[in-house]
Amino acid sequence: MSAREPSFRQSVELMFNRAAALMDLPPGLEEKIRVCNSTYVVRFGVRLRGEIRTFTGYRSVHSEHMEPVKGGIRYAANVNQDEVEALAALMTFKCALVEAPFGGSKGGLCIDPRQYEDHELEQITRRFAYELIKRDLINPSQNVPAPDMGTGEKEMAIIADQYARMNTTDINARACVTGKPPHAGGIKGRVEATGRGVQYALQEFFRHPDDIAKAGLSGSLDGKSVIVQGLGNVGYHAALFLSREDGAKITHIIERDGALHNADGLDIALVRDWIAHHGGVRGCPHGHYIEQGGVVLEEECDILVPAALEGVIHAENAERVKAKLIIEAANGPITATADEILRRRGTVIIPDLYANAGGVTVSYFEWVKNLSHIRFGRMQRRQEEARHLLIVNELERLSKDKELGWTLSPDFKERYLRGADELELVRSGLDDTMREAYQSMREVWHTRQDVPDLRTAAFLVSIGRVAASYRAKGL
Ligand code: GLU
C-alpha cells in the first residue's frame, strides 16, 4: 500500500471523524466513543512437532457501552494490533446499527491455519482460549467471540468446550461464543448468515428507486453483472444466493491465485467445488482464467462485492474502479483515501458496518437461544400449523357446502400449512434487521444535505446510538 494511505485503524477513525464532525457531541464524549478501550496481547507456547512454538494473539475491546462485547476471532499470518483495533471499532458501530445489544470487540491470532493439521489447530485454539477465558475475555456476559477469517464452527466448538471445562457450573456456558455447529449449541443459518445478509442488503437497496438511480442503475437485481472478490464463506454464500435466487450474473470471481470470467454468469457451486479440490481457480473449466486477479476489480460491472481482505481498493486503483455500486461484504475493503475518490466519482458504497452485519445479527440470535435454552419455534410451530389447518379445513368445507367450486392449490396448502422452523425464523429475523437498519441509514442519507453517502449516514446513526447509551449512564 502507498505512503498516501492511512493504516486500517486510522482509516476507520477518519470515517468516524467525518460523521462525528456533523454531530453535536461534547468533545469528551466524541473522544470516548472513538478510542479503543483496551487491547490484550498474549504470547503463549504450544508443543508441536517436537518443539515449542510461540504464538501471538490479541483481543481488543473497543467499547463497553453495552456488554457483552462482541466480535470474531481471526486466524491469519499478518494479524496485528492496528488491524484488530480497527475491526473492534467496526464491531461497535455494526452492532449499534443493527441494534444487536453488544459493545464491540475483535480478536486475532498470528497463524496461517493452512500450515497446521486439525489436531494441532485444536491444541493451539484451546491454549489461546484458555488465555482469554482466564481473563474474562471470553465470557457469556462479558465478551462473546465468533468466527472470522480463518476460523469457523470447529474453532468455536473448541472454545465453547474449553470454557465449559473451566466453568463447570456455569449454566450459560454455551453462550460464551457464537458460530458453533448446530449440534454443539449453534443455530441454523449462522454459517450462511453474513452472505445472506449481503443478499438481503442488496434486495433492500433495490426496493428504493431513488437509491438505484443514485448509483446510475435501473431495474432490479435480475440480470445485474456482479464481480465477487473472495469465495470464502461470505463471498460464496452471497454469490450463490444472488445468482440462484435473484437472477444476478456473477461474471467474475477473484481468488488468491487469479480470477475466473464468464460473461453468461459463473456457476458458483461448481467453482467453489473446484477451489476446494484444487486450492485455487487456475484450470477451472467453468470460466476463462485471468492470472492478474487484482485488475479484475477494475472491470466493467454493475455491482462489485469485495468479500476478502481489508484495503483492496486503495489510492492506487480507486480511480479505475468502474462498478456503479460497491457492497462491502468484507470489513474495511475500501481505504479512507479510496472512499474519498469513489465518493467524488459518484460510486454508491453500501458500507461494511451495514453490509456484513448479517453474521453478528445471527450470532445475536444464537446467544439468545443459548441463554433461553430452547430452540426458536419449538413452542409455537405445531400450534401455528394446527391453526392454519383450521382455516384451510373451513375454507374447503365452505366451498363444498355452498358449492362455490373453490379449490386450494396443493402447493399453497403445503406452504401455508407448514409452521416456521428455526432456519426460517432466523432468516426472517435477519431480513427484518437488514431492512430496518437500511432504512435508518437511508433516512439520514436522504434528509441531510451534509451527508453525501451511506457510510457517513451509517456512522451517524451508530454513533448517535452509542452516545445515547453513554448519556443514559450519566457520562
Ligand atoms: N466476525 C464477524 C464480523 O466481523 C461476526 C462477528 C460476530 O458474530 O460476533 O462481523
# chains A, B, ... in the order shown; residues from 1 in each chain; ligands from 1

$ residues_around --residues "A:Gly185" --least-positions-apart "2" --cutoff "10 Å" --atoms "only C-alpha atoms" --output "ChimeraX atom specification"
/A:157,160,174-175,177-183,187-188,366-367,369-370,373-375

$ residues_near_ligand --ligand "ligand 1" --cutoff "9 Å" --atoms "only C-alpha atoms and all ligand atoms" --output "ChimeraX atom specification"
/A:69-74,87-88,90-91,94-95,104-106,144-149,177-179,190,194,330-331,352-353,356-364

$ residues_around --residues "stretch 430-440 of chain A" --least-positions-apart "4" --cutoff "9 Å" --atoms "only C-alpha atoms" --output "JSON list (two decimals) with C-alpha atoms, in the first residue's frame"
[["chain", "number", "residue", "atom", "x", "y", "z"],
["A", 97, "LEU", "CA", -26.59, -0.07, 13.52],
["A", 98, "VAL", "CA", -28.40, -3.42, 13.57],
["A", 99, "GLU", "CA", -29.50, -3.00, 17.18],
["A", 193, "ALA", "CA", -25.67, -15.56, 7.70],
["A", 196, "ARG", "CA", -27.38, -14.00, 3.34],
["A", 197, "GLY", "CA", -27.20, -10.54, 4.94],
["A", 198, "VAL", "CA", -25.37, -9.21, 1.87],
["A", 200, "TYR", "CA", -30.89, -9.02, 1.94],
["A", 201, "ALA", "CA", -28.99, -5.71, 1.93],
["A", 203, "GLN", "CA", -32.62, -6.68, -2.06],
["A", 204, "GLU", "CA", -33.48, -3.78, 0.23],
["A", 205, "PHE", "CA", -31.35, -1.35, -1.78],
["A", 354, "TYR", "CA", -24.14, -2.46, 7.49],
["A", 355, "ALA", "CA", -23.43, -4.83, 4.59],
["A", 357, "ALA", "CA", -23.75, -7.26, 9.77],
["A", 358, "GLY", "CA", -25.70, -10.44, 8.99],
["A", 361, "THR", "CA", -27.12, -10.46, 13.79],
["A", 362, "VAL", "CA", -27.50, -14.24, 13.66],
["A", 425, "LEU", "CA", -37.25, -17.82, 11.76],
["A", 426, "VAL", "CA", -33.56, -16.94, 11.65],
["A", 444, "VAL", "CA", -30.24, 10.26, 7.15],
["A", 445, "TRP", "CA", -28.73, 9.97, 3.65],
["A", 457, "ALA", "CA", -25.08, 8.06, 7.33],
["A", 458, "ALA", "CA", -24.38, 4.66, 8.90],
["A", 461, "VAL", "CA", -26.85, 6.55, 13.19]]

$ select_by_dssp --residues "stretch 23-122 of chain A" --states "strand (DSSP E or B)" --output "count of residues only"
38

$ residues_around --residues "A:Ala323" --least-positions-apart "5" --cutoff "10 Å" --atoms "only C-alpha atoms" --output "compact mmCIF listing (two decimals) with all heavy atoms, in the first residue's frame"
# COMPACT_ATOMS: atom_id res chain seq x y z
N ALA A 215 -27.12 5.36 -7.95
CA ALA A 215 -25.99 4.55 -8.38
C ALA A 215 -25.89 4.50 -9.91
O ALA A 215 -25.00 3.84 -10.45
CB ALA A 215 -26.12 3.14 -7.81
N SER A 225 -24.80 -7.48 -13.55
CA SER A 225 -23.49 -8.14 -13.58
C SER A 225 -22.74 -7.84 -12.29
O SER A 225 -22.70 -6.70 -11.82
CB SER A 225 -22.70 -7.67 -14.79
OG SER A 225 -22.54 -6.27 -14.73
N VAL A 226 -22.17 -8.90 -11.72
CA VAL A 226 -21.56 -8.80 -10.39
C VAL A 226 -20.16 -9.39 -10.41
O VAL A 226 -19.94 -10.49 -10.94
CB VAL A 226 -22.43 -9.57 -9.35
CG1 VAL A 226 -21.83 -9.44 -7.95
CG2 VAL A 226 -23.87 -9.09 -9.36
N ILE A 227 -19.21 -8.66 -9.79
CA ILE A 227 -17.86 -9.21 -9.58
C ILE A 227 -17.72 -9.49 -8.09
O ILE A 227 -18.00 -8.63 -7.26
CB ILE A 227 -16.78 -8.20 -10.03
CG1 ILE A 227 -16.92 -7.89 -11.52
CG2 ILE A 227 -15.38 -8.72 -9.70
CD1 ILE A 227 -15.93 -6.87 -12.05
N LEU A 297 -10.79 -6.20 -10.37
CA LEU A 297 -11.58 -5.26 -9.56
C LEU A 297 -11.97 -4.04 -10.39
O LEU A 297 -12.92 -3.33 -10.06
CB LEU A 297 -10.78 -4.78 -8.34
CG LEU A 297 -10.54 -5.76 -7.19
CD1 LEU A 297 -9.49 -5.22 -6.24
CD2 LEU A 297 -11.84 -6.02 -6.45
N GLU A 298 -11.18 -3.78 -11.43
CA GLU A 298 -11.39 -2.58 -12.25
C GLU A 298 -12.24 -2.86 -13.48
O GLU A 298 -12.45 -1.99 -14.31
CB GLU A 298 -10.03 -2.02 -12.67
CG GLU A 298 -9.15 -1.68 -11.48
CD GLU A 298 -7.68 -1.56 -11.84
OE1 GLU A 298 -7.36 -1.33 -13.03
OE2 GLU A 298 -6.84 -1.69 -10.92
N GLU A 299 -12.72 -4.09 -13.62
CA GLU A 299 -13.55 -4.44 -14.78
C GLU A 299 -14.92 -3.76 -14.72
O GLU A 299 -15.42 -3.45 -13.64
CB GLU A 299 -13.77 -5.96 -14.83
CG GLU A 299 -12.61 -6.75 -15.35
CD GLU A 299 -12.29 -6.45 -16.79
OE1 GLU A 299 -13.22 -6.22 -17.58
OE2 GLU A 299 -11.07 -6.42 -17.12
N GLU A 300 -15.52 -3.63 -15.88
CA GLU A 300 -16.88 -3.11 -16.02
C GLU A 300 -17.87 -4.04 -15.31
O GLU A 300 -17.81 -5.26 -15.50
CB GLU A 300 -17.16 -3.12 -17.53
CG GLU A 300 -18.05 -2.11 -18.13
CD GLU A 300 -17.61 -0.68 -18.02
OE1 GLU A 300 -16.61 -0.26 -18.67
OE2 GLU A 300 -18.30 0.02 -17.27
N CYS A 301 -18.75 -3.52 -14.47
CA CYS A 301 -19.81 -4.34 -13.86
C CYS A 301 -20.83 -3.41 -13.20
O CYS A 301 -20.59 -2.22 -13.05
CB CYS A 301 -19.24 -5.28 -12.79
SG CYS A 301 -18.63 -4.44 -11.35
N ASP A 302 -21.98 -3.97 -12.83
CA ASP A 302 -22.96 -3.16 -12.11
C ASP A 302 -22.60 -3.12 -10.62
O ASP A 302 -22.65 -2.07 -9.99
CB ASP A 302 -24.36 -3.77 -12.26
CG ASP A 302 -24.85 -3.72 -13.71
OD1 ASP A 302 -24.66 -2.67 -14.34
OD2 ASP A 302 -25.40 -4.73 -14.18
N ILE A 303 -22.29 -4.31 -10.07
CA ILE A 303 -22.07 -4.40 -8.62
C ILE A 303 -20.75 -5.10 -8.33
O ILE A 303 -20.47 -6.17 -8.89
CB ILE A 303 -23.23 -5.20 -7.95
CG1 ILE A 303 -24.59 -4.60 -8.34
CG2 ILE A 303 -23.07 -5.22 -6.44
CD1 ILE A 303 -25.78 -5.46 -7.96
N LEU A 304 -19.97 -4.49 -7.45
CA LEU A 304 -18.71 -5.12 -7.02
C LEU A 304 -18.87 -5.54 -5.57
O LEU A 304 -19.31 -4.75 -4.73
CB LEU A 304 -17.56 -4.11 -7.19
CG LEU A 304 -16.19 -4.51 -6.68
CD1 LEU A 304 -15.65 -5.75 -7.40
CD2 LEU A 304 -15.19 -3.35 -6.86
N VAL A 305 -18.51 -6.79 -5.29
CA VAL A 305 -18.65 -7.31 -3.92
C VAL A 305 -17.26 -7.72 -3.39
O VAL A 305 -16.85 -8.87 -3.55
CB VAL A 305 -19.59 -8.55 -3.88
CG1 VAL A 305 -19.88 -8.97 -2.44
CG2 VAL A 305 -20.88 -8.31 -4.64
N LEU A 342 -13.87 7.57 -4.57
CA LEU A 342 -15.09 6.96 -5.11
C LEU A 342 -16.31 7.86 -4.88
O LEU A 342 -17.21 7.95 -5.71
CB LEU A 342 -15.31 5.58 -4.48
CG LEU A 342 -14.29 4.52 -4.92
CD1 LEU A 342 -14.34 3.30 -4.00
CD2 LEU A 342 -14.53 4.09 -6.36
N THR A 347 -19.69 6.90 -7.08
CA THR A 347 -19.94 5.47 -6.85
C THR A 347 -20.72 5.34 -5.55
O THR A 347 -20.36 5.97 -4.55
CB THR A 347 -18.61 4.70 -6.71
OG1 THR A 347 -17.76 5.09 -7.77
CG2 THR A 347 -18.82 3.21 -6.67
N VAL A 348 -21.77 4.54 -5.56
CA VAL A 348 -22.51 4.32 -4.31
C VAL A 348 -21.89 3.13 -3.58
O VAL A 348 -21.64 2.08 -4.18
CB VAL A 348 -24.02 4.09 -4.57
CG1 VAL A 348 -24.73 3.66 -3.30
CG2 VAL A 348 -24.65 5.36 -5.13
N ILE A 349 -21.59 3.33 -2.30
CA ILE A 349 -20.97 2.27 -1.50
C ILE A 349 -21.92 1.89 -0.37
O ILE A 349 -22.34 2.74 0.42
CB ILE A 349 -19.63 2.74 -0.90
CG1 ILE A 349 -18.65 3.11 -2.02
CG2 ILE A 349 -19.02 1.66 0.00
CD1 ILE A 349 -17.40 3.81 -1.55

$ closest_residue --among "A:Leu221, A:Leu423, A:Ala96, A:Ile275" --to "A:Glu245" --atoms "only C-alpha atoms"
A:Leu221

$ residues_around --residues "A:Lys249" --least-positions-apart "6" --cutoff "7 Å" --atoms "only C-alpha atoms" --output "ChimeraX atom specification"
/A:223-226,243,264-265

$ write_last_selection --atoms "N, CA and C atoms" --output "PDB file, in the first residue's frame"
ATOM      1  N   GLY A 223     -30.444  -9.970 -13.637  1.00  0.00           N
ATOM      2  CA  GLY A 223     -29.599  -9.666 -14.800  1.00  0.00           C
ATOM      3  C   GLY A 223     -28.425  -8.743 -14.518  1.00  0.00           C
ATOM      4  N   LYS A 224     -28.281  -8.261 -13.293  1.00  0.00           N
ATOM      5  CA  LYS A 224     -27.167  -7.349 -12.988  1.00  0.00           C
ATOM      6  C   LYS A 224     -25.850  -8.128 -13.035  1.00  0.00           C
ATOM      7  N   SER A 225     -24.799  -7.478 -13.546  1.00  0.00           N
ATOM      8  CA  SER A 225     -23.492  -8.141 -13.583  1.00  0.00           C
ATOM      9  C   SER A 225     -22.738  -7.844 -12.286  1.00  0.00           C
ATOM     10  N   VAL A 226     -22.172  -8.901 -11.717  1.00  0.00           N
ATOM     11  CA  VAL A 226     -21.562  -8.796 -10.388  1.00  0.00           C
ATOM     12  C   VAL A 226     -20.160  -9.388 -10.408  1.00  0.00           C
ATOM     13  N   SER A 243     -27.062 -15.258  -7.314  1.00  0.00           N
ATOM     14  CA  SER A 243     -27.210 -15.838  -8.653  1.00  0.00           C
ATOM     15  C   SER A 243     -28.411 -16.777  -8.710  1.00  0.00           C
ATOM     16  N   ASP A 264     -21.653 -15.042 -19.210  1.00  0.00           N
ATOM     17  CA  ASP A 264     -23.028 -15.530 -19.008  1.00  0.00           C
ATOM     18  C   ASP A 264     -23.334 -15.813 -17.544  1.00  0.00           C
ATOM     19  N   GLY A 265     -22.347 -15.679 -16.693  1.00  0.00           N
ATOM     20  CA  GLY A 265     -22.548 -15.949 -15.266  1.00  0.00           C
ATOM     21  C   GLY A 265     -21.906 -17.270 -14.875  1.00  0.00           C
TER      22      GLY A 265
END

$ residues_around --residues "A:Glu83" --least-positions-apart "2" --cutoff "12 Å" --atoms "only C-alpha atoms" --output "ChimeraX atom specification"
/A:6-12,36,39,58-60,73-74,76,78-81,85-90,105-110,309-311,331-332
